[in-house]
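One file, input_32.cif, carrying mmCIF, C-alpha atoms and all ligand atoms:
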data_work
loop_
_atom_site.label_atom_id
_atom_site.label_comp_id
_atom_site.auth_asym_id
_atom_site.auth_seq_id
_atom_site.Cartn_x
_atom_site.Cartn_y
_atom_site.Cartn_z
CA MET O 21 -17.53 58.33 57.65
CA ALA O 22 -19.05 61.14 59.72
CA LEU O 23 -21.73 63.21 58.06
CA ASN O 24 -20.19 66.45 56.81
CA LEU O 25 -22.44 69.28 57.96
CA ASP O 26 -20.36 72.02 56.35
CA PRO O 27 -22.71 73.78 53.88
CA ASP O 28 -19.83 74.42 51.46
CA SER O 29 -19.38 70.68 51.02
CA VAL O 30 -22.77 70.28 49.38
CA ALA O 31 -21.90 72.31 46.30
CA MET O 32 -21.35 70.06 43.30
CA SER O 33 -18.05 71.71 42.41
CA SER O 34 -16.76 71.08 45.92
CA LEU O 35 -17.87 67.42 45.77
CA LEU O 36 -16.15 66.95 42.44
CA ALA O 37 -12.98 68.60 43.75
CA ASP O 38 -13.03 66.30 46.80
CA PHE O 39 -13.51 63.33 44.50
CA ASN O 40 -10.56 64.31 42.33
CA ASP O 41 -8.41 64.87 45.42
CA LEU O 42 -9.07 61.36 46.66
CA SER O 43 -6.85 59.73 44.07
CA VAL O 44 -3.98 61.84 45.39
CA LYS O 45 -4.69 61.70 49.13
CA ASN O 46 -5.81 58.13 49.63
CA ASP O 47 -4.14 54.86 48.62
CA ALA O 48 -7.48 53.36 47.63
CA GLY O 49 -8.30 56.55 45.71
CA VAL O 50 -11.81 56.97 44.45
CA TYR O 51 -12.54 53.28 45.15
CA SER O 52 -12.45 53.94 48.91
CA PRO O 53 -15.42 54.40 51.30
CA GLU O 54 -14.82 58.16 50.96
CA GLY O 55 -15.12 57.79 47.16
CA LEU O 56 -18.44 55.97 47.56
CA ASP O 57 -19.68 58.70 49.90
CA ILE O 58 -18.85 61.49 47.46
CA VAL O 59 -20.20 59.66 44.39
CA SER O 60 -23.39 58.84 46.31
CA LYS O 61 -23.89 62.51 47.20
CA ILE O 62 -23.31 63.51 43.58
CA TRP O 63 -25.78 60.81 42.42
CA THR O 64 -28.33 61.97 45.00
CA LYS O 65 -28.05 65.58 43.84
CA VAL O 66 -28.48 64.68 40.18
CA ALA O 67 -31.30 62.24 40.99
CA ALA O 68 -33.07 64.88 43.08
CA GLN O 69 -32.88 67.38 40.24
CA GLN O 70 -34.29 64.70 37.90
CA ARG O 71 -36.97 63.94 40.56
CA LEU O 72 -36.17 60.22 40.45
CA MET O 73 -37.58 59.73 43.97
CA TYR O 74 -41.04 60.29 42.46
CA GLN O 75 -40.69 57.52 39.90
CA ALA O 76 -40.86 54.27 41.86
CA THR O 77 -43.98 52.26 42.62
CA TRP O 78 -44.49 49.43 45.13
CA LEU O 79 -47.19 46.91 44.23
CA GLY O 80 -48.87 49.51 42.09
CA ARG O 81 -48.72 52.59 44.31
CA PRO O 82 -46.23 55.45 43.85
CA ILE O 83 -43.64 55.46 46.65
CA ILE O 84 -41.60 58.62 47.18
CA GLN O 85 -38.30 56.98 48.11
CA LEU O 86 -34.98 56.14 46.49
CA PRO O 87 -34.40 52.45 45.64
CA SER O 88 -31.82 51.77 48.34
CA ASP O 89 -34.09 53.24 51.04
CA ILE O 90 -36.90 50.94 49.85
CA LEU O 91 -34.51 47.98 50.11
CA VAL O 92 -33.36 49.00 53.59
CA LEU O 93 -36.92 49.55 54.89
CA GLN O 94 -37.70 45.99 53.81
CA GLU O 95 -34.60 44.72 55.65
CA ILE O 96 -35.52 46.57 58.83
CA ILE O 97 -39.11 45.35 58.92
CA TRP O 98 -38.17 41.73 58.25
CA GLU O 99 -35.30 41.74 60.77
CA THR O 100 -37.08 43.56 63.59
CA GLN O 101 -40.53 42.01 63.09
CA PRO O 102 -42.75 44.87 64.32
CA ASP O 103 -46.46 44.29 64.93
CA VAL O 104 -47.31 47.91 64.18
CA ILE O 105 -45.62 50.37 61.81
CA VAL O 106 -46.62 54.02 62.18
CA GLU O 107 -45.79 56.29 59.26
CA THR O 108 -46.37 60.04 59.09
CA GLY O 109 -46.66 61.23 55.47
CA VAL O 110 -48.87 59.01 53.33
CA ALA O 111 -48.94 60.84 49.94
CA HIS O 112 -49.94 58.17 47.36
CA GLY O 113 -49.64 55.35 49.88
CA GLY O 114 -46.63 53.53 48.41
CA SER O 115 -44.65 53.42 51.63
CA LEU O 116 -47.70 52.14 53.53
CA ILE O 117 -48.15 49.39 50.93
CA LEU O 118 -44.45 48.51 51.19
CA ALA O 119 -44.72 48.11 54.97
CA ALA O 120 -48.04 46.26 54.67
CA SER O 121 -46.60 43.85 52.11
CA ILE O 122 -43.80 42.74 54.45
CA LEU O 123 -46.26 42.43 57.35
CA GLU O 124 -48.50 40.33 55.10
CA LEU O 125 -45.59 37.91 54.51
CA MET O 126 -45.07 37.82 58.29
CA GLY O 127 -48.75 36.94 58.62
CA ARG O 128 -49.61 39.63 61.15
CA GLY O 129 -49.49 43.31 61.99
CA LYS O 130 -50.79 46.62 60.73
CA VAL O 131 -49.62 49.94 59.36
CA ILE O 132 -50.98 53.24 60.66
CA GLY O 133 -50.64 56.04 58.11
CA VAL O 134 -50.98 59.67 59.19
CA ASP O 135 -51.32 62.58 56.78
CA VAL O 136 -52.67 66.10 57.09
CA ASP O 137 -54.26 65.81 53.64
CA ILE O 138 -55.24 62.39 52.31
CA ARG O 139 -56.45 63.12 48.80
CA SER O 140 -59.67 61.28 47.92
CA HIS O 141 -58.13 59.45 44.93
CA ASN O 142 -55.23 58.26 47.11
CA ARG O 143 -57.55 57.16 49.92
CA LYS O 144 -59.69 55.26 47.38
CA ALA O 145 -56.65 53.53 45.83
CA ILE O 146 -55.31 52.53 49.27
CA LYS O 147 -58.75 51.27 50.38
CA GLU O 148 -59.09 49.22 47.18
CA HIS O 149 -55.57 47.76 47.36
CA PRO O 150 -55.31 44.00 48.17
CA LEU O 151 -53.27 44.93 51.28
CA SER O 152 -55.77 47.47 52.64
CA HIS O 153 -56.77 45.09 55.46
CA ARG O 154 -53.36 45.82 57.02
CA ILE O 155 -53.69 49.63 56.81
CA GLU O 156 -55.40 52.22 59.03
CA LEU O 157 -55.49 55.86 57.93
CA ILE O 158 -55.65 58.92 60.18
CA GLU O 159 -56.12 62.34 58.63
CA GLY O 160 -54.65 65.17 60.69
CA ASP O 161 -51.55 67.14 61.52
CA SER O 162 -49.06 64.54 62.74
CA VAL O 163 -48.04 66.64 65.75
CA SER O 164 -51.52 67.61 66.95
CA GLU O 165 -52.56 66.13 70.28
CA LEU O 166 -55.70 64.67 68.73
CA THR O 167 -53.76 62.85 66.00
CA ILE O 168 -51.24 61.45 68.46
CA LYS O 169 -54.11 60.26 70.70
CA LYS O 170 -55.72 58.50 67.71
CA VAL O 171 -52.42 56.80 66.87
CA ARG O 172 -52.00 55.67 70.49
CA GLU O 173 -55.52 54.22 70.53
CA LEU O 174 -54.80 52.14 67.42
CA ILE O 175 -51.69 50.48 68.91
CA PRO O 176 -52.64 47.35 70.84
CA ALA O 177 -50.98 47.02 74.27
CA GLY O 178 -47.72 45.08 74.15
CA SER O 179 -47.16 45.64 70.41
CA ARG O 180 -43.71 45.83 68.93
CA VAL O 181 -43.72 49.22 67.19
CA MET O 182 -41.63 50.86 64.46
CA VAL O 183 -42.12 54.50 63.36
CA ALA O 184 -41.18 56.30 60.13
CA LEU O 185 -41.44 60.10 59.93
CA ASP O 186 -41.93 61.36 56.38
CA SER O 187 -44.31 64.33 56.55
CA ASP O 188 -43.27 67.97 56.92
CA HIS O 189 -39.45 67.98 56.89
CA ARG O 190 -38.89 71.35 58.54
CA GLU O 191 -36.71 71.15 61.63
CA ASP O 192 -39.34 72.27 64.12
CA HIS O 193 -41.93 69.82 62.85
CA VAL O 194 -39.50 66.88 62.78
CA ARG O 195 -38.35 67.78 66.30
CA LYS O 196 -41.96 67.67 67.53
CA GLU O 197 -42.58 64.40 65.70
CA LEU O 198 -39.43 62.83 67.16
CA GLU O 199 -40.50 63.87 70.65
CA ALA O 200 -44.08 62.63 70.24
CA TYR O 201 -43.56 59.42 68.27
CA SER O 202 -40.30 58.13 69.80
CA SER O 203 -42.23 56.97 72.85
CA PHE O 204 -44.17 54.52 70.67
CA VAL O 205 -40.98 52.81 69.41
CA SER O 206 -40.11 49.47 71.00
CA SER O 207 -36.60 48.50 72.08
CA GLY O 208 -34.82 46.83 69.19
CA CYS O 209 -36.99 48.68 66.66
CA TYR O 210 -36.35 51.71 64.47
CA LEU O 211 -37.44 55.34 64.42
CA VAL O 212 -36.79 56.54 60.85
CA ALA O 213 -36.48 60.28 60.18
CA HIS O 214 -36.68 60.60 56.42
CA ASP O 215 -35.31 63.17 54.03
CA GLY O 216 -32.25 64.56 55.79
CA ALA O 217 -30.72 64.62 52.30
CA GLN O 218 -32.57 67.89 51.76
CA PHE O 219 -29.44 69.35 53.26
CA TRP O 220 -27.31 67.78 50.51
CA VAL O 221 -29.45 69.14 47.70
CA TRP O 222 -30.57 72.59 48.83
CA ASP O 223 -28.50 74.35 46.15
CA LEU O 224 -30.15 72.58 43.19
CA PRO O 225 -32.22 74.58 40.72
CA ASN O 226 -35.35 72.64 41.85
CA ALA O 227 -34.70 72.98 45.58
CA ALA O 228 -35.54 75.47 48.31
CA GLU O 229 -32.84 77.65 49.85
CA HIS O 230 -34.24 77.13 53.37
CA TRP O 231 -33.29 73.44 53.12
CA SER O 232 -29.71 74.59 53.82
CA TYR O 233 -30.58 75.43 57.44
CA ASP O 234 -34.13 74.12 58.13
CA HIS O 235 -33.93 70.36 57.71
CA PRO O 236 -34.45 67.05 59.58
CA LEU O 237 -30.74 66.56 60.40
CA ASN O 238 -30.75 69.40 62.95
CA ALA O 239 -33.81 67.90 64.64
CA VAL O 240 -32.21 64.45 64.71
CA GLN O 241 -28.99 65.82 66.17
CA GLN O 242 -30.86 67.60 69.00
CA PHE O 243 -33.07 64.57 69.63
CA LEU O 244 -30.10 62.21 69.95
CA GLU O 245 -28.44 64.49 72.51
CA GLN O 246 -31.49 64.11 74.78
CA ASN O 247 -32.43 60.51 73.97
CA THR O 248 -29.38 58.33 74.39
CA GLN O 249 -31.25 55.07 73.97
CA PHE O 250 -31.47 55.89 70.24
CA CYS O 251 -28.43 55.82 67.95
CA ILE O 252 -27.86 56.24 64.22
CA ASP O 253 -27.49 52.83 62.58
CA GLU O 254 -24.98 53.61 59.85
CA LYS O 255 -25.25 50.19 58.24
CA ARG O 256 -28.70 51.22 56.98
CA THR O 257 -27.07 53.86 54.80
CA ARG O 258 -24.16 51.66 53.70
CA PHE O 259 -25.22 51.85 50.05
CA GLY O 260 -24.36 55.55 50.15
CA ILE O 261 -27.37 56.56 48.10
CA THR O 262 -30.15 57.60 50.47
CA SER O 263 -32.74 60.30 51.10
CA SER O 264 -32.32 59.70 54.80
CA PRO O 265 -28.70 60.13 55.93
CA ALA O 266 -28.40 59.87 59.72
CA GLY O 267 -32.10 58.97 59.69
CA TYR O 268 -32.22 55.29 60.67
CA LEU O 269 -32.35 55.46 64.46
CA LEU O 270 -32.24 52.19 66.39
CA LYS O 271 -33.65 52.05 69.92
CA SER O 272 -31.34 50.00 72.09
CA GLU O 273 -32.58 46.80 73.71
CA VAL O 274 -31.74 48.15 77.19
CA SER O 275 -33.43 51.48 77.93
C1 LIG Q 301 -42.89 63.03 51.17
S1 LIG Q 301 -44.62 62.81 51.23
C2 LIG Q 301 -44.77 61.22 51.96
C3 LIG Q 301 -44.23 60.14 51.08
C4 LIG Q 301 -44.53 58.73 51.52
N1 LIG Q 301 -44.11 58.45 52.86
C5 LIG Q 301 -43.87 57.77 50.56
O1 LIG Q 301 -42.77 57.25 50.90
O2 LIG Q 301 -44.42 57.54 49.49
C6 LIG Q 301 -45.07 63.93 52.49
C7 LIG Q 301 -46.53 63.89 52.95
O3 LIG Q 301 -46.58 64.52 54.22
C8 LIG Q 301 -47.82 65.17 54.36
N2 LIG Q 301 -47.70 66.20 55.40
C9 LIG Q 301 -47.17 67.44 55.29
N3 LIG Q 301 -47.27 68.08 56.45
C10 LIG Q 301 -47.87 67.25 57.33
C11 LIG Q 301 -48.25 67.33 58.70
N4 LIG Q 301 -48.06 68.45 59.40
N5 LIG Q 301 -48.84 66.26 59.27
C12 LIG Q 301 -49.07 65.12 58.56
N6 LIG Q 301 -48.74 64.99 57.27
C13 LIG Q 301 -48.15 66.03 56.65
C14 LIG Q 301 -48.12 65.70 52.96
O4 LIG Q 301 -49.53 65.88 52.82
C15 LIG Q 301 -47.54 64.60 52.07
O5 LIG Q 301 -48.54 63.70 51.66
#

Any chance you could give the structure as C-alpha cells?
Amino acid sequence: MALNLDPDSVAMSSLLADFNDLSVKNDAGVYSPEGLDIVSKIWTKVAAQQRLMYQATWLGRPIIQLPSDILVLQEIIWETQPDVIVETGVAHGGSLILAASILELMGRGKVIGVDVDIRSHNRKAIKEHPLSHRIELIEGDSVSELTIKKVRELIPAGSRVMVALDSDHREDHVRKELEAYSSFVSSGCYLVAHDGAQFWVWDLPNAAEHWSYDHPLNAVQQFLEQNTQFCIDEKRTRFGITSSPAGYLLKSEVS
C-alpha cells in the first residue's frame, strides 16, 4: 500500500474512521493489508506517546528503535553481509551494539558511529562493552566535511558498506546526509533513513508541530527522484509497525 502523505490521514479520529470503513468497503475487512496498515499507524501513535521506542535495550545498551525495526535491521545485516556499517546518531549506543553483535557472529567487520554529542557516560559504556572492538566513534556534525572525511578514511578500500541515518531528522539535514552518505553504500546494500514516522505522529501531545512538514520522508522522496539506483524495499516494513516507513532503501546491484 502506498504511503499516504495526506496530513489529515494522520489524525487518530481519521485513522479510526478509515478502520471502521474497511469492514464495509473491503471483503477482507479489517483483516486485510489495509487493516494492518491502519492498526499499525494507530499502534505507532500510541506507542510514540507512551515513548516505547526508548524502552528497549540490546545486549545491555538502550536502543531507540521499535521492536520490528530491530528485527529488520538484524535481517538486513545478516542477508547483505556488509563489512562496514556507518550509523549517524549514536545516543546510548544500542544500535551500534546491535550492528556490532551481528558482525561479531559473521566474524568480521566494524561499525562507525557518528554523533555530534557523544556523552561521556555513553562513550565509556560503549568502550567498555564486550563488542567495543568492532566499533569506531566519530564525534562531529554528521554533515560537516571534516566528519565525512573521517568516515571515508575509516572505510577500507573494497569494503561492502551499509549506512543508517538516525541523527537530526529535519528534512534539510536528512537530505544532506542522504547526499553525502549514499556514495558510501555498496550495491546490494541498504541506506536506512530512520524516523519518517515523525510524520505519522506529529499531532500527539508529546510531539512537535513542525514534524508535520519538516521530516525525513520529504528528503527521501527528493533523494529517490535523483538517485534511481536506490528504491524503497517495502518488505522491510511488512510488519506495519515501524519508525522508518519508506526508510529502507536498497541500492540495486547494477548501478
Ligand atoms: C535518535 S538518537 C539516535 C538513536 C540511535 N541510533 C539508536 O537507535 O539507539 C539521535 C542522535 O543524533 C544525534 N545528532 C543530532 N544532530 C546531529 C548531527 N547534526 N550530527 C550527528 N549527530 C546528531 C543526537 O546527539 C542523538 O544522540

Give me the residues near region 101-110 of chain O as a count of residues only, where near means some atom within 7 Å (using all atoms listed in the file) and where sequence neighbours in that chain fewer than 5 positions away do not count.
20

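We find CA of Ala239 (chain O) and CA of Arg195 (chain O) to be spaced 4.8 Å apart.
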
Closest pair table for chain O residues within 10 Å of ligand LIG 301 (chain Q), only C-alpha atoms and all ligand atoms, as CSV:
residue,atom,partner,partner_atom,distance
O:Met73,CA,Q:LIG301,O1,9.0
O:Tyr74,CA,Q:LIG301,O2,8.3
O:Ala76,CA,Q:LIG301,O2,9.0
O:Thr77,CA,Q:LIG301,O2,8.7
O:Trp78,CA,Q:LIG301,O2,9.2
O:Arg81,CA,Q:LIG301,O2,8.4
O:Pro82,CA,Q:LIG301,O2,6.3
O:Ile83,CA,Q:LIG301,O2,3.6
O:Ile84,CA,Q:LIG301,O2,3.8
O:Gln85,CA,Q:LIG301,O1,5.3
O:Leu86,CA,Q:LIG301,O1,9.0
O:Asp89,CA,Q:LIG301,O1,9.6
O:Ile90,CA,Q:LIG301,O1,8.7
O:Glu107,CA,Q:LIG301,N1,7.0
O:Thr108,CA,Q:LIG301,C12,5.8
O:Gly109,CA,Q:LIG301,O3,3.5
O:Val110,CA,Q:LIG301,C4,4.7
O:Ala111,CA,Q:LIG301,O5,3.4
O:His112,CA,Q:LIG301,O2,6.0
O:Gly113,CA,Q:LIG301,O2,5.7
O:Gly114,CA,Q:LIG301,O2,4.7
O:Ser115,CA,Q:LIG301,O1,4.3
O:Leu116,CA,Q:LIG301,N1,7.3
O:Ile117,CA,Q:LIG301,O2,9.1
O:Leu118,CA,Q:LIG301,O1,8.9
O:Gly133,CA,Q:LIG301,N1,8.7
O:Val134,CA,Q:LIG301,C12,5.8
O:Asp135,CA,Q:LIG301,N6,3.6
O:Val136,CA,Q:LIG301,C12,4.0
O:Asp137,CA,Q:LIG301,O4,4.8
O:Ile138,CA,Q:LIG301,O4,6.7
O:Arg139,CA,Q:LIG301,O5,8.4
O:Asn142,CA,Q:LIG301,O5,9.7
O:Ile158,CA,Q:LIG301,C12,9.2
O:Glu159,CA,Q:LIG301,C12,7.6
O:Gly160,CA,Q:LIG301,C12,6.0
O:Asp161,CA,Q:LIG301,N5,3.6
O:Ser162,CA,Q:LIG301,N5,3.9
O:Val163,CA,Q:LIG301,N5,6.5
O:Ser164,CA,Q:LIG301,N5,8.2
O:Thr167,CA,Q:LIG301,N5,9.0
O:Ala184,CA,Q:LIG301,N1,8.1
O:Leu185,CA,Q:LIG301,N1,7.7
O:Asp186,CA,Q:LIG301,N1,5.1
O:Ser187,CA,Q:LIG301,O3,3.3
O:Asp188,CA,Q:LIG301,N3,4.0
O:His189,CA,Q:LIG301,N3,7.8
O:Arg190,CA,Q:LIG301,N3,9.2
O:His193,CA,Q:LIG301,N4,7.2
O:Val194,CA,Q:LIG301,N4,9.3
O:Glu197,CA,Q:LIG301,N5,9.2
O:His214,CA,Q:LIG301,C1,8.5
O:Asp215,CA,Q:LIG301,C1,8.1

Long-range neighbours of region 43-57 of chain O as a CSV table (one decimal) with C-alpha atoms, keeping the file's coordinate frame, 9 Å cut-off, all atoms listed in the file, 5 positions minimum in chain:
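Writing the result to selection.csv gives the following:
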chain,number,residue,atom,x,y,z
O,21,MET,CA,-17.5,58.3,57.6
O,38,ASP,CA,-13.0,66.3,46.8
O,62,ILE,CA,-23.3,63.5,43.6
O,259,PHE,CA,-25.2,51.8,50.0
O,260,GLY,CA,-24.4,55.6,50.2
O,261,ILE,CA,-27.4,56.6,48.1

message: Would you compute the distance between CA of Leu237 (chain O) and CA of Gln218 (chain O)? Give it in Å to one decimal.
response: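 So the answer is 8.9 Å.
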
Adding 6 Å on each side of the box along x, y and z that holds all listed atoms of region 133-139 of chain O, could you give its centre and edge lengths in Å to one decimal, as JSON?
{"center_x": -53.5, "center_y": 61.1, "center_z": 54.0, "size_x": 17.8, "size_y": 22.1, "size_z": 22.4}

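Here CA of Lys170 (chain O) and CA of Ser203 (chain O) stand 14.5 Å from one another.
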
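Distances from O:Gln246, O:Asp234, O:Ser207, O:Ala119 to Ser272 (chain O) were compared using all atoms listed in the file, and the smallest one belongs to O:Ser207.
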
| Nearest residue to Gln70 (chain O) from the set O:Ser34, O:Asn226, O:Asn247, O:Ser263 (distances using all atoms listed in the file) |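 Of O:Ser34, O:Asn226, O:Asn247, O:Ser263, the one nearest Gln70 (chain O) is O:Asn226, counting all atoms listed in the file.
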
_So, with only C-alpha atoms as the atoms that count, which of O:Leu151, O:Ile122, O:Ile168, O:Cys251 lies closest to Ile96 (chain O)?_
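For Ile96 (chain O), the nearest of the given residues is O:Ile122.
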
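Across O:Ala213, O:Ile97, O:Leu35, O:Leu157, the tightest approach to Lys65 (chain O) is made by O:Leu35 when counting only C-alpha atoms.
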
From the list O:Trp231, O:Thr262, O:Glu254, O:Leu270, which residue is nearest Leu72 (chain O) when using only C-alpha atoms?
->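 Looking at the shortest contact to Leu72 (chain O), the residue is O:Thr262.
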
Got a sec: who's within 10 Å of His149 (chain O), counting only C-alpha atoms, leaving out chain neighbours fewer than 2 positions off, as an NGL selection string?
:O and (79-81 or 113 or 117 or 143-147 or 151-153 or 155)

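Nearest residue to Leu91 (chain O), choosing from O:Ala120, O:Thr257, O:Glu173, O:Pro225 and counting all atoms listed in the file: O:Thr257.
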
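Once all atoms listed in the file are considered, the residues situated within 9 Å of the file point (-24.2, 64.3, 65.7) turn out to be Ala22, Leu23, Leu237, Asn238, Val240, Gln241, Gln242, Leu244, Glu245, Ile252 and Ala266 of chain O.
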
Write a file of the selected residues as a PDB file, in the coordinates of the input, keeping C-alpha atoms.
ATOM      1  CA  ALA O  22     -19.050  61.140  59.720  1.00  0.00           C
ATOM      2  CA  LEU O  23     -21.730  63.210  58.060  1.00  0.00           C
ATOM      3  CA  LEU O 237     -30.740  66.560  60.400  1.00  0.00           C
ATOM      4  CA  ASN O 238     -30.750  69.400  62.950  1.00  0.00           C
ATOM      5  CA  VAL O 240     -32.210  64.450  64.710  1.00  0.00           C
ATOM      6  CA  GLN O 241     -28.990  65.820  66.170  1.00  0.00           C
ATOM      7  CA  GLN O 242     -30.860  67.600  69.000  1.00  0.00           C
ATOM      8  CA  LEU O 244     -30.100  62.210  69.950  1.00  0.00           C
ATOM      9  CA  GLU O 245     -28.440  64.490  72.510  1.00  0.00           C
ATOM     10  CA  ILE O 252     -27.860  56.240  64.220  1.00  0.00           C
ATOM     11  CA  ALA O 266     -28.400  59.870  59.720  1.00  0.00           C
TER      12      ALA O 266
END
